[in-house]
Amino acid sequence: WNPPTTPGPAGCSIRYKKPGEATWKEGLPMWYDSRNSECRGRLVHLAPGTDYQVQFAMPGKTPVAQVNSKTWSESFPIAKTVTVGNRTTQLNITEGGSPSGYVLYTGGSIDVANGADHNIRISAPYVIVRGLTLKGATRDAISFVQGAHDVVIEDNDISGWGRDSGKRSSEGWKIGVNADSGIKASCGSAGPWMERSIVQRNRIHHPRYGSNSWSDGHPLGPNAIHMFECGGNHVWRYNEVYSQTGNYFMDGFGGSENFSTKGFPNQDSDIYGNKISHVWDDAIEAEGANRNVRIWGNYFDQTATGVATTSTSAGPVYVFRNVWNRSRMLSMKTPDQDQRAYMFKSGSQSGFGGGRRYVFHNTMLQAPPAAGSTLTSGGGEGLSGPNSTQILENTVSRNNIYHIWKPHWASIDTKGGPGNDLNYDLRNRAVMGISGAEANGIVGTPVYAPGHGWSSEAGGNYSLATSSPGYDRGQRLPNFNDNFTGAGPDMGAHEAGTPAMKFGR
């Protein structure tokens, strides 16, 4: 929304309701981007397929603008069903549907046994690929090419794709060709033709070859999902990404270019409810524009980082209620000698920064030491830019649990970056590079309710015990923690007294 005058640091007010409801609900104020005199923001926790009225206002003033909108339906009309059957050759999908009727491809398995580049190549719009088992692609299991948009990929089992790069890790693992992926779209200079992909409830696992760890430099190898410079309006949810030693992913979900005004997932997209493990770099690499992108309710384990948003050139990006368990970076070191990274890699790059980043209600866990080790198994830092030239800026952090592994490291490190607003977080170590931050934060170690915490693994139980630091001590955030229990919101991803979080299928 373009406000009539500059609203200042408070941003623009936003409220919403369903037609016919008497009471308006408050949203988190939209961030004001002075670079184009625009207020941007998103509403969360809305119902699918539902009409809403949304009003905008200058801070503290009567609303002066309204839009009537509708969330996406979760039901997709089917005009035609194609039974795939069991086959050993690549399926080229050239027939698509329309908004009033998708073409559904289902029923069978495709194992090309390294005899074709892809299991499925899609060049048509309004397509659903459902319930297939896909194995043995030389490059990418599912490839989107120009002509594909409005595609739903759901309930599939995808494995065994990729090429041998000829490189070997220090341990002797075969390294796959970089960014060979379970699902892939390369848009690039052809323009952002790939929009509105929905990737849900898939198992994407065990690529044919793996990635190197940071012991051999920046990881190179396969992704579960990769998109290069495509359009927006993507939803990736409830997927399970996993593998084994020697076949780790480079990134779980990611793409490029990281330092750009597009990148991945570019804009207006949601990544939530996924379970991602066995990754030598980023569980989720959301880097580039990040214009109204939401990354929430995901579970990460055995990854080098959680969510990377270096850089965020447009913003805002919302990263909330994610959970991170164990971390590793250096396969050639013992766990105690590892160089653990951050849950949130959150820097900027000259010319490709300045976008707002919101980090709310996330939880870093610390599992007990691995066998033969003395230090805990979780991440090294909570929130940080990756280096002195890619520093944390324009970031709001609230109600997180930043529980790190070493006493002399920092829970948060801005590296001197400007425009950060850090408060109401529970952390066990220092804040570096900024003065006056975390005035209402808590220094302490989280205590979890019985059966909760790291031992829940991906079971969804991470609520604090009533005796824990951070219990009922979070800040109220309109639309993001409306349904808190007790005297106030809890810090961390899981509010006490609410059902277990749900990840994957």
# chains A, B, ... in the order shown; residues from 1 in each chain; ligands from 1
>>> closest_atom_pairs(of="stretch 155-203 of chain A", to="stretch 246-262 of chain A", cutoff="8 Å", atoms="only C-alpha atoms", output="tab-separated table")
residue	atom	partner	partner_atom	distance
A:Trp173	CA	A:Gly246	CA	5.5
A:Lys174	CA	A:Gly246	CA	7.6
A:Asn178	CA	A:Met250	CA	7.9
A:Ala179	CA	A:Met250	CA	7.8
>>> residues_around(residues="A:Phe503", least_positions_apart="6", cutoff="12 Å", atoms="only C-alpha atoms", output="NGL selection string")
:A and (200-202 or 237-241 or 271-276 or 296-300 or 321-323 or 457-461)
>>> residues_around(residues="stretch 24-39 of chain A", least_positions_apart="2", cutoff="7 Å", atoms="only C-alpha atoms", output="MDAnalysis selection string")
chainID A and resid 1:3 11:17 22 41 43 477:479
>>> atom_distance(atom1="atom CA of A:Leu91", atom2="atom CA of A:Ile120")
4.7 Å
>>> residues_around(residues="A:Tyr358", least_positions_apart="5", cutoff="8 Å", atoms="only C-alpha atoms", output="JSON, numbers by chain")
{"A": [316, 317, 318, 319, 320, 395, 396, 397]}
>>> write_last_selection(atoms="N, CA and C atoms", output="mmCIF file, in the first residue's frame")
data_model
loop_
_atom_site.group_PDB
_atom_site.id
_atom_site.type_symbol
_atom_site.label_atom_id
_atom_site.label_comp_id
_atom_site.auth_asym_id
_atom_site.auth_seq_id
_atom_site.Cartn_x
_atom_site.Cartn_y
_atom_site.Cartn_z
ATOM 1 N N PRO A 316 9.279 -7.615 3.079
ATOM 2 C CA PRO A 316 9.772 -8.306 4.265
ATOM 3 C C PRO A 316 9.675 -9.816 4.127
ATOM 4 N N VAL A 317 10.557 -10.490 4.866
ATOM 5 C CA VAL A 317 10.488 -11.939 4.999
ATOM 6 C C VAL A 317 10.173 -12.243 6.458
ATOM 7 N N TYR A 318 9.261 -13.181 6.681
ATOM 8 C CA TYR A 318 8.828 -13.573 8.022
ATOM 9 C C TYR A 318 9.311 -14.996 8.293
ATOM 10 N N VAL A 319 10.098 -15.182 9.348
ATOM 11 C CA VAL A 319 10.629 -16.492 9.711
ATOM 12 C C VAL A 319 10.163 -16.777 11.134
ATOM 13 N N PHE A 320 9.205 -17.686 11.293
ATOM 14 C CA PHE A 320 8.594 -17.838 12.606
ATOM 15 C C PHE A 320 8.191 -19.278 12.892
ATOM 16 N N THR A 395 16.521 -5.970 10.922
ATOM 17 C CA THR A 395 15.939 -7.228 11.383
ATOM 18 C C THR A 395 15.250 -7.034 12.726
ATOM 19 N N VAL A 396 14.030 -7.551 12.839
ATOM 20 C CA VAL A 396 13.270 -7.517 14.088
ATOM 21 C C VAL A 396 13.233 -8.933 14.651
ATOM 22 N N SER A 397 13.713 -9.109 15.866
ATOM 23 C CA SER A 397 13.750 -10.422 16.517
ATOM 24 C C SER A 397 12.933 -10.356 17.797
#
>>> closest_residue(among="A:Arg130, A:Arg87, A:Lys61, A:His226", to="A:Asp111", atoms="only C-alpha atoms")
A:Arg87
>>> closest_atom_pairs(of="stretch 237-353 of chain A", to="stretch 367-388 of chain A", cutoff="7 Å", atoms="only C-alpha atoms", output="tab-separated table")
residue	atom	partner	partner_atom	distance
A:Asn325	CA	A:Gly378	CA	5.8
A:Arg326	CA	A:Gly378	CA	4.4
A:Ser327	CA	A:Gly378	CA	5.1
A:Pro335	CA	A:Ser373	CA	6.5
A:Asp336	CA	A:Leu375	CA	5.8
A:Arg340	CA	A:Gly380	CA	4.6
A:Ala341	CA	A:Gly380	CA	5.0
A:Tyr342	CA	A:Glu381	CA	4.3
A:Met343	CA	A:Gly382	CA	5.0
A:Phe344	CA	A:Leu383	CA	5.0
A:Lys345	CA	A:Ser384	CA	5.7
A:Ser346	CA	A:Gly385	CA	4.8
A:Gly347	CA	A:Gly385	CA	4.0
>>> closest_residue(among="A:Ser348, A:Ser98, A:Ser243, A:Thr83", to="A:Ser159", atoms="only C-alpha atoms")
A:Ser243
>>> residues_around(residues="A:Glu393", least_positions_apart="6", cutoff="8 Å", atoms="only C-alpha atoms", output="number ranges by chain")
A: 347-348, 354, 414, 417-420
>>> atom_distance(atom1="atom CA of A:Trp236", atom2="atom CA of A:Glu154")
9.9 Å
>>> decode(residues="stretch 474-486 of chain A", atoms="all heavy atoms", output="PDB file, in the first residue's frame")
ATOM      1  N   GLY A 474       6.922 -13.689  26.675  1.00  0.00           N
ATOM      2  CA  GLY A 474       7.094 -13.126  25.353  1.00  0.00           C
ATOM      3  C   GLY A 474       6.287 -11.857  25.149  1.00  0.00           C
ATOM      4  O   GLY A 474       5.430 -11.489  25.966  1.00  0.00           O
ATOM      5  N   GLN A 475       6.550 -11.187  24.052  1.00  0.00           N
ATOM      6  CA  GLN A 475       5.822  -9.964  23.704  1.00  0.00           C
ATOM      7  C   GLN A 475       4.626 -10.297  22.825  1.00  0.00           C
ATOM      8  O   GLN A 475       4.688 -11.170  21.967  1.00  0.00           O
ATOM      9  CB  GLN A 475       6.735  -8.977  22.973  1.00  0.00           C
ATOM     10  CG  GLN A 475       6.072  -7.622  22.703  1.00  0.00           C
ATOM     11  CD  GLN A 475       6.994  -6.673  21.962  1.00  0.00           C
ATOM     12  OE1 GLN A 475       7.743  -7.080  21.066  1.00  0.00           O
ATOM     13  NE2 GLN A 475       6.959  -5.407  22.320  1.00  0.00           N
ATOM     14  N   ARG A 476       3.550  -9.593  23.030  1.00  0.00           N
ATOM     15  CA  ARG A 476       2.352  -9.742  22.195  1.00  0.00           C
ATOM     16  C   ARG A 476       2.648  -9.229  20.792  1.00  0.00           C
ATOM     17  O   ARG A 476       3.109  -8.105  20.607  1.00  0.00           O
ATOM     18  CB  ARG A 476       1.207  -8.952  22.838  1.00  0.00           C
ATOM     19  CG  ARG A 476      -0.061  -8.930  22.031  1.00  0.00           C
ATOM     20  CD  ARG A 476      -0.850 -10.237  22.169  1.00  0.00           C
ATOM     21  NE  ARG A 476      -2.127 -10.070  21.497  1.00  0.00           N
ATOM     22  CZ  ARG A 476      -2.313 -10.304  20.196  1.00  0.00           C
ATOM     23  NH1 ARG A 476      -1.318 -10.718  19.433  1.00  0.00           N
ATOM     24  NH2 ARG A 476      -3.506 -10.122  19.661  1.00  0.00           N
ATOM     25  N   LEU A 477       2.370 -10.054  19.793  1.00  0.00           N
ATOM     26  CA  LEU A 477       2.590  -9.718  18.388  1.00  0.00           C
ATOM     27  C   LEU A 477       1.281  -9.935  17.644  1.00  0.00           C
ATOM     28  O   LEU A 477       0.877 -11.071  17.421  1.00  0.00           O
ATOM     29  CB  LEU A 477       3.687 -10.601  17.783  1.00  0.00           C
ATOM     30  CG  LEU A 477       5.048 -10.568  18.469  1.00  0.00           C
ATOM     31  CD1 LEU A 477       5.959 -11.634  17.885  1.00  0.00           C
ATOM     32  CD2 LEU A 477       5.686  -9.188  18.348  1.00  0.00           C
ATOM     33  N   PRO A 478       0.574  -8.871  17.270  1.00  0.00           N
ATOM     34  CA  PRO A 478      -0.743  -9.030  16.648  1.00  0.00           C
ATOM     35  C   PRO A 478      -0.703  -9.960  15.450  1.00  0.00           C
ATOM     36  O   PRO A 478       0.192  -9.864  14.601  1.00  0.00           O
ATOM     37  CB  PRO A 478      -1.107  -7.602  16.226  1.00  0.00           C
ATOM     38  CG  PRO A 478      -0.250  -6.711  17.029  1.00  0.00           C
ATOM     39  CD  PRO A 478       0.994  -7.468  17.344  1.00  0.00           C
ATOM     40  N   ASN A 479      -1.670 -10.885  15.391  1.00  0.00           N
ATOM     41  CA  ASN A 479      -1.858 -11.831  14.304  1.00  0.00           C
ATOM     42  C   ASN A 479      -0.872 -12.993  14.351  1.00  0.00           C
ATOM     43  O   ASN A 479      -1.132 -14.047  13.799  1.00  0.00           O
ATOM     44  CB  ASN A 479      -1.789 -11.117  12.943  1.00  0.00           C
ATOM     45  CG  ASN A 479      -2.191 -11.973  11.754  1.00  0.00           C
ATOM     46  OD1 ASN A 479      -1.585 -11.875  10.704  1.00  0.00           O
ATOM     47  ND2 ASN A 479      -3.197 -12.803  11.916  1.00  0.00           N
ATOM     48  N   PHE A 480       0.272 -12.841  15.042  1.00  0.00           N
ATOM     49  CA  PHE A 480       1.265 -13.902  15.101  1.00  0.00           C
ATOM     50  C   PHE A 480       1.147 -14.760  16.353  1.00  0.00           C
ATOM     51  O   PHE A 480       1.556 -15.917  16.346  1.00  0.00           O
ATOM     52  CB  PHE A 480       2.673 -13.330  14.988  1.00  0.00           C
ATOM     53  CG  PHE A 480       3.067 -13.016  13.573  1.00  0.00           C
ATOM     54  CD1 PHE A 480       2.695 -11.805  12.987  1.00  0.00           C
ATOM     55  CD2 PHE A 480       3.772 -13.918  12.816  1.00  0.00           C
ATOM     56  CE1 PHE A 480       3.029 -11.518  11.674  1.00  0.00           C
ATOM     57  CE2 PHE A 480       4.118 -13.643  11.500  1.00  0.00           C
ATOM     58  CZ  PHE A 480       3.741 -12.437  10.929  1.00  0.00           C
ATOM     59  N   ASN A 481       0.655 -14.215  17.454  1.00  0.00           N
ATOM     60  CA  ASN A 481       0.485 -15.037  18.653  1.00  0.00           C
ATOM     61  C   ASN A 481      -0.822 -14.691  19.365  1.00  0.00           C
ATOM     62  O   ASN A 481      -0.879 -14.634  20.592  1.00  0.00           O
ATOM     63  CB  ASN A 481       1.690 -14.928  19.600  1.00  0.00           C
ATOM     64  CG  ASN A 481       2.005 -13.504  20.016  1.00  0.00           C
ATOM     65  OD1 ASN A 481       1.166 -12.609  19.912  1.00  0.00           O
ATOM     66  ND2 ASN A 481       3.215 -13.283  20.518  1.00  0.00           N
ATOM     67  N   ASP A 482      -1.880 -14.496  18.579  1.00  0.00           N
ATOM     68  CA  ASP A 482      -3.183 -14.137  19.143  1.00  0.00           C
ATOM     69  C   ASP A 482      -3.707 -15.175  20.128  1.00  0.00           C
ATOM     70  O   ASP A 482      -4.378 -14.840  21.102  1.00  0.00           O
ATOM     71  CB  ASP A 482      -4.220 -13.959  18.022  1.00  0.00           C
ATOM     72  CG  ASP A 482      -3.932 -12.751  17.139  1.00  0.00           C
ATOM     73  OD1 ASP A 482      -3.105 -11.920  17.531  1.00  0.00           O
ATOM     74  OD2 ASP A 482      -4.534 -12.670  16.053  1.00  0.00           O
ATOM     75  N   ASN A 483      -3.416 -16.436  19.893  1.00  0.00           N
ATOM     76  CA  ASN A 483      -4.030 -17.518  20.668  1.00  0.00           C
ATOM     77  C   ASN A 483      -3.109 -18.055  21.757  1.00  0.00           C
ATOM     78  O   ASN A 483      -3.092 -19.254  22.037  1.00  0.00           O
ATOM     79  CB  ASN A 483      -4.455 -18.640  19.729  1.00  0.00           C
ATOM     80  CG  ASN A 483      -5.508 -18.204  18.725  1.00  0.00           C
ATOM     81  OD1 ASN A 483      -6.404 -17.435  19.064  1.00  0.00           O
ATOM     82  ND2 ASN A 483      -5.396 -18.673  17.502  1.00  0.00           N
ATOM     83  N   PHE A 484      -2.351 -17.167  22.379  1.00  0.00           N
ATOM     84  CA  PHE A 484      -1.480 -17.629  23.453  1.00  0.00           C
ATOM     85  C   PHE A 484      -2.302 -18.032  24.670  1.00  0.00           C
ATOM     86  O   PHE A 484      -3.442 -17.600  24.858  1.00  0.00           O
ATOM     87  CB  PHE A 484      -0.453 -16.556  23.827  1.00  0.00           C
ATOM     88  CG  PHE A 484      -1.027 -15.324  24.482  1.00  0.00           C
ATOM     89  CD1 PHE A 484      -1.218 -15.275  25.865  1.00  0.00           C
ATOM     90  CD2 PHE A 484      -1.358 -14.205  23.725  1.00  0.00           C
ATOM     91  CE1 PHE A 484      -1.735 -14.137  26.474  1.00  0.00           C
ATOM     92  CE2 PHE A 484      -1.875 -13.072  24.329  1.00  0.00           C
ATOM     93  CZ  PHE A 484      -2.068 -13.036  25.704  1.00  0.00           C
ATOM     94  N   THR A 485      -1.723 -18.888  25.498  1.00  0.00           N
ATOM     95  CA  THR A 485      -2.356 -19.309  26.739  1.00  0.00           C
ATOM     96  C   THR A 485      -1.616 -18.665  27.911  1.00  0.00           C
ATOM     97  O   THR A 485      -0.463 -18.252  27.780  1.00  0.00           O
ATOM     98  CB  THR A 485      -2.316 -20.837  26.882  1.00  0.00           C
ATOM     99  OG1 THR A 485      -0.953 -21.263  26.938  1.00  0.00           O
ATOM    100  CG2 THR A 485      -3.004 -21.510  25.709  1.00  0.00           C
ATOM    101  N   GLY A 486      -2.230 -18.584  29.056  1.00  0.00           N
ATOM    102  CA  GLY A 486      -1.567 -18.051  30.235  1.00  0.00           C
ATOM    103  C   GLY A 486      -1.525 -16.541  30.252  1.00  0.00           C
ATOM    104  O   GLY A 486      -2.270 -15.845  29.543  1.00  0.00           O
TER     105      GLY A 486
END
